[in-house]
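What follows is a set of notes on a single structure, which appears directly below.
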Amino acid sequence: MATFAVSGATLGVARAGVGVARAGSERRGGADLPSLLLRKKDSSRAVLSRAASPGKVLVPDGESDDLASPAQPEELQIPEDIEEQTAEVNMTGGTAEKLQSSEPTQGIVETITDGVTKGVKELVVGEKPRVVPKPGDGQKIYEIDPTLKDFRSHLDYRYSEYKRIRAAIDQHEGGLEAFSRGYEKLGFTRSAEGITYREWAPGAHSAALVGDFNNWNPNADAMTRDDYGVWEIFLPNNADGSSAIPHGSRVKIRMDTPSGVKDSISAWIKFSVQAPGEIPFNGIYYDPPEEEKYVFQHPQPKRPESLRIYESHIGMSSPCDLAQEPKINSYANFRDEVLPRIKRLGYNAVQIMAIQEHSYYASFGYHVTNFFAPSSRFGTPEDLKSLIDRAHELGLLVLMDIVHSHSSNNTLDGLNGFDGTDTHYFHGGPRGHHWMWDSRLFNYGSWEVLRFLLSNARWWLEEYKFDGFRFDGVTSMMYTHHGLQMTFTGNYGEYFGFATDVDAVVYLMLVNDLIHGLYPDAVSIGEDVSGMPTFCIPVPDGGVGFDYRLHMAVADKWIELLKQSDESWKMGDIVHTLTNRRWLEKCVTYAESHDQALVGDKTIAFWLMDKDMYDFMALDRPSTPRIDRGIALHKMIRLVTMGLGGEGYLNFMGNEFGHPEWIDFPRGPQTLPTGKVLPGNNNSYDKCRRRFDLGDADFLRYRGMQEFDQAMQHLEEKYGFMTSEHQYVSRKHEEDKVIIFERGDLVFVFNFHWSNSFFDYRVGCSKPGKYKVALDSDDALFGGFSRLDHDVDYFTTEHPHDNRPRSFSVYTPSRTAVVYALTE
């Protein structure tokens with residue numbers, strides 16, 4: 001047994017028939033029939049994952065015990081007589097004996113019938129399954145970073161856990177490809193004969209499907225439960241062949257639970273709507289007729305070498321000006337108005353927040369209630385598909401900000417207390433609650449949680465053609481302390497020790513396996529502030545498997561610096577923060593996060609210019625020193641971040657032109673547990689939109705900032721400097737306040753000095769030839785003072801400088817950034 005901590009009880013073993021029904025252990029949900037592990041009815045042993053009764057685990061001797069401690073996980077054990085327990089499936093319908101499931105999952109156990117077999121045959125014939133490659137040996141990480149060898153016991157154990165679960169999935173579920181299709185069995189599924197509804201709710205005592213279709217009568221459509229806690233009902237078509245549940249009908253499952261009778265929205269619901277004037281959401285049976293379904297017209301773009309991401313929130317992207325009524329924007333308007341803007345600005349990817357349905361709008365979409373449903377506030381699922389297809393037509397990748405790190409604590413609309421227990425999808429007790437986010441934490445050691453989350457990722461890629469994900473809150477997932485009140489110093493013991501949630505890390509490895517195996521061009525970005533080593537190394541090599549880490553330290557550094565006078569900024573400190581990333585692990589960098597745009601925080605523009613932005617941004621009025629300083633540094637901060645910070649770049653919508661107002665979602669008064677009342681804003685949408693008109697107005701200084709951001713994106717498109725293998729910082733001069741570096745064929749010169757301009761300033765370089773100005777932040781187009789002549793040619797001399805073999809001389813005005821390109 002390993003001596004380091006892992007979190008969560010892992011998959012255990014139980015004797016067949018011992019405590020299974022009493023514990024309400026979890027059932028298998030949705031694997032295709034050929035992948036079922038089948039055994040004879042009198043088989044001596046069955047392999048299960050976890051009993052569904054709160055706080056209990058089935059252990060090898062068949063006795064129920066408390067949850068295993070984090071330091072002593074239970075091993076997944078495969079019965080020695082597994083071949084004897086397996087019966088050959090007769091694909092024509094039926095077997096020699098009645099068969100039952102005994103795979104190591106909390107899955108659905110089904111009696112094989114002609115109808116089920118027919119469905120499986122249709123699935124197999126209709127589509128050749130995609131296959132996720134087999135695991136590697138997980139050893140390359142030690143070649144990339146020999147320091148990791150000191151933590152080999154932890155890392156090898158982590159990889160062995162990953163391989164063990166992959167093997168179980170491959171053997172008993174038919175592989176990740178089949179396992180991730182849980183939505184084809186659970187929730188509402190439609191066949192030629194009717195509708196089947198299944199829900200895993202082992203804590204419920206009884207269940208019934210209710211909705212508009214049966215006048216919400218709980219006695220009309222009672223559901224039956226199997227030994228593993230999956231409730232099921234089949235509704236045959238009406239006599240005229242129409243669906244028993246009309247498209248658009250409200251539906252819920254009514255359960256008698258340990259916490260009382262409750263109506264819940266299916267965990268697998270595909271659409272959920274809040275009716276006007278009502279508080280709770282309603283699940284919607286979403287099955288539009290063929291003529292109403294959106295059909296994708298355009299192929300998904302290939303993944304670009306470098307990512308330039310425009311982060312967006314659909315609802316608050318309303319481009320209205322003060323003469324228009326603020327509103328929640330729609331998928332359709334974003335498609336028609338905002339996507340062309342993103343393309344014109346030069347970004348090649350759009351990352352969309354708040355897609356998964358969330359009952360609390362002001363959560364920014366991070367308190368998800370319905371994981372498979374696109375938010376109905378912005379339109380229908382077909383509208384979202386149309387948006388994504390239009391983005392593909394424009395050559396834009398569409399990334400989804402996906403939340404698998406936690407779930408809303410809403411018991412009315414979401415997963416919390418779904419079956420009346422505290423441990424259904426989540427850890428029980430304090431470990432299942434995030435004290436800062438006021439949300440629930442998934443139990444990544446549960447087989448059905450793995451099925452649910454992996455299927456969820458697959459659903460958005462398959463059904464909606466998203467091109468990848470930005471995984472939210474990954475640091476919170478990977479450590480039992482969630483990164484709270486924790487300062488990561490870079491000591492490897494902080495990453496590979498008792499605080500590591502190995503269950504969660506293994507889930508991340510599995511989901512990256514799924515993404516990259518089935519969708520090779522898809523992108524996965526992880527939001528990790530800790531800097532965990534191996535985070536962006538492929539899974540077969542022993543890594544967690546993300547393509548990019550979100551380089552969160554950069555935005556934090558700029559906040560730190562902006563609280564000081566720029567006269568005290570240290571050039572070496574800036575360069576170190578921007579370049580301090582792990583070898584062979586790519587980063588997406590950004591100068592400011594969307595959190596800084598929220599009420600109570602400040603964007604970079606607000607830190608720099610504050611209230612002067614309201615009175616001195618018109619070109620027909622005199623500027624102020626604060627405005628001049630702010631516009632100059634705003635451009636420099638963004639370019640140096642993009643130039644040195646990583647292999648990808650992200651901007652939150654509106655920040656490209658220094659949006660002058662914060663974000664304040666509509667909210668009413670809130671009473672805290674202490675009794676203190678926080679005033680609301682009368683549910684106003686006035687600050688929950690983007691004033692794109694400001695960036696477009698040629699009579700405002702915002703226009704110059706936007707033009708510079710656009711030029712910056714097009715420069716990267718032309719030269720691809722973010723992914724160039726050549727990067728060299730030749731100067732970080734504290735007295736001159738100058739930073740000079742090469743990236744690809746470009747030379748970047750930053751003069752952060754507040755007053756000193758330098759003539760005949762020598763710039764070291766590696767390549768000989770003629771250089772010309774490719775981008776100048778002081779250009780009048782960008783709100784600058786046009787102190788440089790762009791027609792000047794700069795020829796190198798064989799004069800070494802700053803450890804570079806050649807050099808050329810330039811004029812570098814104060815508070816400017818100039819990029820020189822090798823032209824000959």
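FYI, nothing fancy with the structure tokens labels: chains A, B, ... in order, residues from 1 per chain, ligands from 1 as they appear.
Around Val729 in chain A, within 12 Å and counting only C-alpha atoms, the residues found are Met571, Gly572, Ile574, Val575, His576, Leu578, Thr579, Val640, Gly643, Leu644, Val738, Ile739, Ile740, Phe741, Glu742, Arg743, Gly744, Leu746, Val747, Phe748, Val749, Phe750, Val763, Gly764, Cys765, Ser766, Asp802, Asn803 and Arg804 of chain A, once anything fewer than 6 positions away on its own chain is removed.
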- Task: Can you pull out every residue within 6 Å of range 619-625 of chain A, counting only C-alpha atoms, but drop anything in the same chain fewer than 2 positions away, and send it as an MDAnalysis selection string?
- Result: chainID A and resid 616 627:629 699:700
Select from range 319-360 of chain A everything DSSP, run on the backbone, classes as strand (DSSP E), then give the selection as a PDB file with N, CA, C and O atoms, in the first residue's frame.
ATOM      1  N   ALA A 349     -10.068  32.025 -31.842  1.00  0.00           N
ATOM      2  CA  ALA A 349     -10.898  31.158 -31.009  1.00  0.00           C
ATOM      3  C   ALA A 349     -11.776  32.020 -30.117  1.00  0.00           C
ATOM      4  O   ALA A 349     -11.363  33.095 -29.676  1.00  0.00           O
ATOM      5  N   VAL A 350     -12.972  31.534 -29.866  1.00  0.00           N
ATOM      6  CA  VAL A 350     -13.859  32.192 -28.917  1.00  0.00           C
ATOM      7  C   VAL A 350     -14.147  31.200 -27.803  1.00  0.00           C
ATOM      8  O   VAL A 350     -14.485  30.046 -28.052  1.00  0.00           O
ATOM      9  N   GLN A 351     -13.938  31.633 -26.586  1.00  0.00           N
ATOM     10  CA  GLN A 351     -14.223  30.807 -25.410  1.00  0.00           C
ATOM     11  C   GLN A 351     -15.473  31.339 -24.751  1.00  0.00           C
ATOM     12  O   GLN A 351     -15.542  32.509 -24.386  1.00  0.00           O
ATOM     13  N   ILE A 352     -16.478  30.482 -24.604  1.00  0.00           N
ATOM     14  CA  ILE A 352     -17.782  30.943 -24.143  1.00  0.00           C
ATOM     15  C   ILE A 352     -18.027  30.454 -22.719  1.00  0.00           C
ATOM     16  O   ILE A 352     -17.959  29.257 -22.427  1.00  0.00           O
ATOM     17  N   MET A 353     -18.344  31.386 -21.862  1.00  0.00           N
ATOM     18  CA  MET A 353     -18.657  31.081 -20.478  1.00  0.00           C
ATOM     19  C   MET A 353     -20.151  30.802 -20.324  1.00  0.00           C
ATOM     20  O   MET A 353     -20.957  31.123 -21.197  1.00  0.00           O
ATOM     21  N   GLN A 356     -23.398  25.857 -19.597  1.00  0.00           N
ATOM     22  CA  GLN A 356     -24.175  24.887 -18.826  1.00  0.00           C
ATOM     23  C   GLN A 356     -25.190  25.635 -17.963  1.00  0.00           C
ATOM     24  O   GLN A 356     -24.876  26.649 -17.340  1.00  0.00           O
ATOM     25  N   GLU A 357     -26.416  25.121 -17.921  1.00  0.00           N
ATOM     26  CA  GLU A 357     -27.497  25.847 -17.240  1.00  0.00           C
ATOM     27  C   GLU A 357     -27.189  26.060 -15.766  1.00  0.00           C
ATOM     28  O   GLU A 357     -26.699  25.173 -15.062  1.00  0.00           O
TER      29      GLU A 357
END
- All residues 9 Å or closer to range 143-146 of chain A, only C-alpha atoms, same chain fewer than 4 positions away omitted, as a list in words: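 Neighbouring residues, sequence-local ones excluded: Gln139, Asp150, Pro533, Thr534, Trp583 and Leu584 of chain A.
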- Per DSSP on the backbone, filter range 239-454 of chain A down to the residues in alpha helix (DSSP H) and report them as an MDAnalysis selection string. chainID A and resid 331:333 339:345 381:393 447:454
Export of prior selection with N, CA, C and O atoms as a compact mmCIF listing (two decimals), in the first residue's frame:
# COMPACT_ATOMS: atom_id res chain seq x y z
N TYR A 331 -28.08 33.88 -28.19
CA TYR A 331 -27.17 33.15 -29.07
C TYR A 331 -27.21 33.74 -30.48
O TYR A 331 -26.17 33.89 -31.14
N ALA A 332 -28.41 34.05 -30.94
CA ALA A 332 -28.57 34.53 -32.32
C ALA A 332 -27.89 35.88 -32.52
O ALA A 332 -27.21 36.11 -33.53
N ASN A 333 -28.06 36.79 -31.56
CA ASN A 333 -27.43 38.09 -31.70
C ASN A 333 -25.91 37.98 -31.60
O ASN A 333 -25.18 38.66 -32.34
N LEU A 339 -19.64 37.57 -33.26
CA LEU A 339 -18.66 36.70 -33.93
C LEU A 339 -17.90 37.42 -35.04
O LEU A 339 -16.68 37.28 -35.14
N PRO A 340 -18.58 38.19 -35.91
CA PRO A 340 -17.80 38.92 -36.93
C PRO A 340 -16.80 39.90 -36.32
O PRO A 340 -15.73 40.12 -36.87
N ARG A 341 -17.15 40.48 -35.18
CA ARG A 341 -16.24 41.38 -34.48
C ARG A 341 -15.00 40.63 -34.03
O ARG A 341 -13.86 41.10 -34.19
N ILE A 342 -15.19 39.45 -33.45
CA ILE A 342 -14.07 38.65 -32.97
C ILE A 342 -13.15 38.29 -34.13
O ILE A 342 -11.92 38.35 -34.01
N LYS A 343 -13.74 37.91 -35.24
CA LYS A 343 -12.95 37.58 -36.43
C LYS A 343 -12.17 38.79 -36.91
O LYS A 343 -10.97 38.70 -37.23
N ARG A 344 -12.83 39.93 -36.95
CA ARG A 344 -12.18 41.15 -37.44
C ARG A 344 -11.03 41.57 -36.53
O ARG A 344 -10.00 42.07 -37.01
N LEU A 345 -11.19 41.37 -35.25
CA LEU A 345 -10.14 41.74 -34.30
C LEU A 345 -8.90 40.86 -34.43
O LEU A 345 -7.84 41.21 -33.92
N PRO A 381 -31.26 25.14 -27.79
CA PRO A 381 -30.10 24.37 -28.22
C PRO A 381 -29.80 24.54 -29.71
O PRO A 381 -28.63 24.56 -30.11
N GLU A 382 -30.84 24.67 -30.53
CA GLU A 382 -30.62 24.85 -31.97
C GLU A 382 -29.95 26.20 -32.24
O GLU A 382 -29.12 26.32 -33.16
N ASP A 383 -30.29 27.21 -31.46
CA ASP A 383 -29.65 28.51 -31.62
C ASP A 383 -28.16 28.42 -31.31
O ASP A 383 -27.32 29.03 -31.99
N LEU A 384 -27.83 27.67 -30.26
CA LEU A 384 -26.42 27.51 -29.90
C LEU A 384 -25.67 26.78 -31.02
O LEU A 384 -24.54 27.14 -31.37
N LYS A 385 -26.28 25.75 -31.57
CA LYS A 385 -25.64 25.03 -32.67
C LYS A 385 -25.41 25.95 -33.87
O LYS A 385 -24.35 25.90 -34.51
N SER A 386 -26.36 26.80 -34.13
CA SER A 386 -26.22 27.75 -35.23
C SER A 386 -25.07 28.71 -34.98
O SER A 386 -24.30 29.05 -35.90
N LEU A 387 -24.93 29.14 -33.74
CA LEU A 387 -23.82 30.03 -33.37
C LEU A 387 -22.48 29.34 -33.64
O LEU A 387 -21.57 29.93 -34.23
N ILE A 388 -22.36 28.11 -33.17
CA ILE A 388 -21.10 27.38 -33.31
C ILE A 388 -20.79 27.13 -34.78
O ILE A 388 -19.63 27.26 -35.23
N ASP A 389 -21.80 26.80 -35.56
CA ASP A 389 -21.60 26.57 -36.99
C ASP A 389 -21.13 27.84 -37.69
O ASP A 389 -20.27 27.80 -38.57
N ARG A 390 -21.70 28.97 -37.30
CA ARG A 390 -21.28 30.24 -37.89
C ARG A 390 -19.82 30.56 -37.53
O ARG A 390 -19.06 31.04 -38.37
N ALA A 391 -19.45 30.27 -36.29
CA ALA A 391 -18.06 30.48 -35.88
C ALA A 391 -17.13 29.62 -36.72
O ALA A 391 -16.07 30.08 -37.17
N HIS A 392 -17.53 28.39 -36.97
CA HIS A 392 -16.71 27.51 -37.81
C HIS A 392 -16.61 28.04 -39.23
O HIS A 392 -15.56 27.94 -39.87
N GLU A 393 -17.69 28.61 -39.72
CA GLU A 393 -17.66 29.21 -41.06
C GLU A 393 -16.63 30.34 -41.11
O GLU A 393 -15.96 30.54 -42.12
N TRP A 447 -17.77 5.39 -9.63
CA TRP A 447 -17.87 4.97 -11.03
C TRP A 447 -18.93 5.76 -11.78
O TRP A 447 -18.73 6.17 -12.93
N GLU A 448 -20.06 5.97 -11.15
CA GLU A 448 -21.14 6.68 -11.84
C GLU A 448 -20.84 8.17 -12.01
O GLU A 448 -21.31 8.80 -12.95
N VAL A 449 -20.05 8.74 -11.10
CA VAL A 449 -19.62 10.12 -11.29
C VAL A 449 -18.67 10.19 -12.49
O VAL A 449 -18.76 11.11 -13.31
N LEU A 450 -17.78 9.22 -12.61
CA LEU A 450 -16.92 9.17 -13.79
C LEU A 450 -17.76 9.07 -15.07
O LEU A 450 -17.50 9.77 -16.05
N ARG A 451 -18.75 8.19 -15.05
CA ARG A 451 -19.61 8.05 -16.24
C ARG A 451 -20.31 9.36 -16.56
O ARG A 451 -20.37 9.79 -17.71
N PHE A 452 -20.83 10.01 -15.52
CA PHE A 452 -21.59 11.24 -15.71
C PHE A 452 -20.71 12.35 -16.30
O PHE A 452 -21.06 13.00 -17.30
N LEU A 453 -19.54 12.56 -15.72
CA LEU A 453 -18.69 13.67 -16.15
C LEU A 453 -18.02 13.40 -17.50
O LEU A 453 -17.92 14.30 -18.34
N LEU A 454 -17.56 12.17 -17.71
CA LEU A 454 -16.98 11.85 -19.01
C LEU A 454 -18.02 11.94 -20.12
O LEU A 454 -17.74 12.44 -21.22
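Nearest to Asp256 in chain A of all the residues A:Gly720, A:His205, A:Gln297, A:Ile195 is A:His205, based on only C-alpha atoms.
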- Message: I'd like the interatomic distance between CA of His801 in chain A and CA of Arg762 in chain A, to a tenth of an Å.
- Response: 7.5 Å
- Contacts of range 541-552 of chain A at 9 Å or less, counting only C-alpha atoms, minus same-chain residues fewer than 2 places along, as an MDAnalysis selection string? chainID A and resid 135:142 155:156 158:159 470 505:506 508:513 516 523:529 531 533:539 554:557 578 581 585:593 645:648
Counting only C-alpha atoms, what is within 6 Å of Phe469 in chain A, bar same-chain residues fewer than 5 positions away, as a JSON list (two decimals) with all heavy atoms, in the first residue's frame?
[["chain", "number", "residue", "atom", "x", "y", "z"],
["A", 399, "LEU", "N", -14.49, 27.23, -27.91],
["A", 399, "LEU", "CA", -14.14, 26.52, -26.69],
["A", 399, "LEU", "C", -15.20, 26.78, -25.63],
["A", 399, "LEU", "O", -15.72, 27.89, -25.52],
["A", 399, "LEU", "CB", -12.77, 26.99, -26.17],
["A", 399, "LEU", "CG", -11.62, 26.94, -27.18],
["A", 399, "LEU", "CD1", -10.34, 27.47, -26.54],
["A", 399, "LEU", "CD2", -11.40, 25.53, -27.70],
["A", 400, "MET", "N", -15.48, 25.77, -24.86],
["A", 400, "MET", "CA", -16.50, 25.88, -23.82],
["A", 400, "MET", "C", -15.82, 25.96, -22.46],
["A", 400, "MET", "O", -14.92, 25.19, -22.16],
["A", 400, "MET", "CB", -17.43, 24.67, -23.87],
["A", 400, "MET", "CG", -18.47, 24.65, -22.77],
["A", 400, "MET", "SD", -19.55, 23.22, -22.99],
["A", 400, "MET", "CE", -20.39, 23.22, -21.42],
["A", 401, "ASP", "N", -16.24, 26.89, -21.65],
["A", 401, "ASP", "CA", -15.78, 26.99, -20.27],
["A", 401, "ASP", "C", -16.60, 25.98, -19.47],
["A", 401, "ASP", "O", -17.73, 26.24, -19.09],
["A", 401, "ASP", "CB", -16.02, 28.41, -19.76],
["A", 401, "ASP", "CG", -15.22, 28.72, -18.51],
["A", 401, "ASP", "OD1", -14.74, 27.76, -17.87],
["A", 401, "ASP", "OD2", -15.08, 29.91, -18.16],
["A", 524, "SER", "N", -7.72, 21.23, -24.92],
["A", 524, "SER", "CA", -8.07, 21.22, -23.50],
["A", 524, "SER", "C", -7.13, 22.15, -22.75],
["A", 524, "SER", "O", -5.91, 22.03, -22.85],
["A", 524, "SER", "CB", -8.01, 19.80, -22.92],
["A", 524, "SER", "OG", -6.69, 19.31, -22.87]]
- Message: as an MDAnalysis selection string, please: the residues near Phe665 in chain A (cut-off 8 Å, only C-alpha atoms, same-chain neighbours under 5 positions excluded).
- Response: chainID A and resid 361:362 683:685 687:688
Residue selection dump (N, CA and C atoms) as a PDB file, in the first residue's frame:
ATOM      1  N   TYR A 361     -28.054  33.479 -12.152  1.00  0.00           N
ATOM      2  CA  TYR A 361     -27.405  34.139 -13.286  1.00  0.00           C
ATOM      3  C   TYR A 361     -26.105  34.818 -12.875  1.00  0.00           C
ATOM      4  N   ALA A 362     -26.100  35.419 -11.694  1.00  0.00           N
ATOM      5  CA  ALA A 362     -24.933  36.175 -11.250  1.00  0.00           C
ATOM      6  C   ALA A 362     -23.763  35.294 -10.842  1.00  0.00           C
ATOM      7  N   ASN A 683     -32.357  44.450  -9.468  1.00  0.00           N
ATOM      8  CA  ASN A 683     -32.343  43.502 -10.588  1.00  0.00           C
ATOM      9  C   ASN A 683     -32.090  44.189 -11.928  1.00  0.00           C
ATOM     10  N   SER A 684     -31.187  45.140 -11.904  1.00  0.00           N
ATOM     11  CA  SER A 684     -30.883  45.914 -13.106  1.00  0.00           C
ATOM     12  C   SER A 684     -29.867  45.189 -13.983  1.00  0.00           C
ATOM     13  N   TYR A 685     -30.076  45.296 -15.291  1.00  0.00           N
ATOM     14  CA  TYR A 685     -29.142  44.754 -16.275  1.00  0.00           C
ATOM     15  C   TYR A 685     -28.222  45.840 -16.831  1.00  0.00           C
ATOM     16  N   LYS A 687     -25.478  47.229 -15.922  1.00  0.00           N
ATOM     17  CA  LYS A 687     -24.030  47.008 -15.916  1.00  0.00           C
ATOM     18  C   LYS A 687     -23.676  45.590 -16.353  1.00  0.00           C
ATOM     19  N   CYS A 688     -24.632  44.894 -16.935  1.00  0.00           N
ATOM     20  CA  CYS A 688     -24.391  43.515 -17.359  1.00  0.00           C
ATOM     21  C   CYS A 688     -24.452  43.437 -18.876  1.00  0.00           C
TER      22      CYS A 688
END
- Message: Between A:Phe808, A:Lys737, A:Glu494, A:Glu824, which residue has the minimum interatomic distance to Gly769 in chain A, considering only C-alpha atoms?
- Response: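 Selected residue with least distance to Gly769 in chain A: A:Glu824.
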- Item | Best match for closeness to Phe372 in chain A among A:Leu562, A:Ile314, A:Ile269, A:Met486, counting only C-alpha atoms |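 Using only C-alpha atoms, the shortest distance to Phe372 in chain A belongs to A:Ile269.
Across A:Gly260, A:Gly493, A:Gly432, A:Gly517, the tightest approach to Pro133 in chain A is made by A:Gly517 when counting only C-alpha atoms.
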- Note on the structure: One decimal place gives the CA of Thr257 in chain A-CA of Thr421 in chain A separation as 7.8 Å
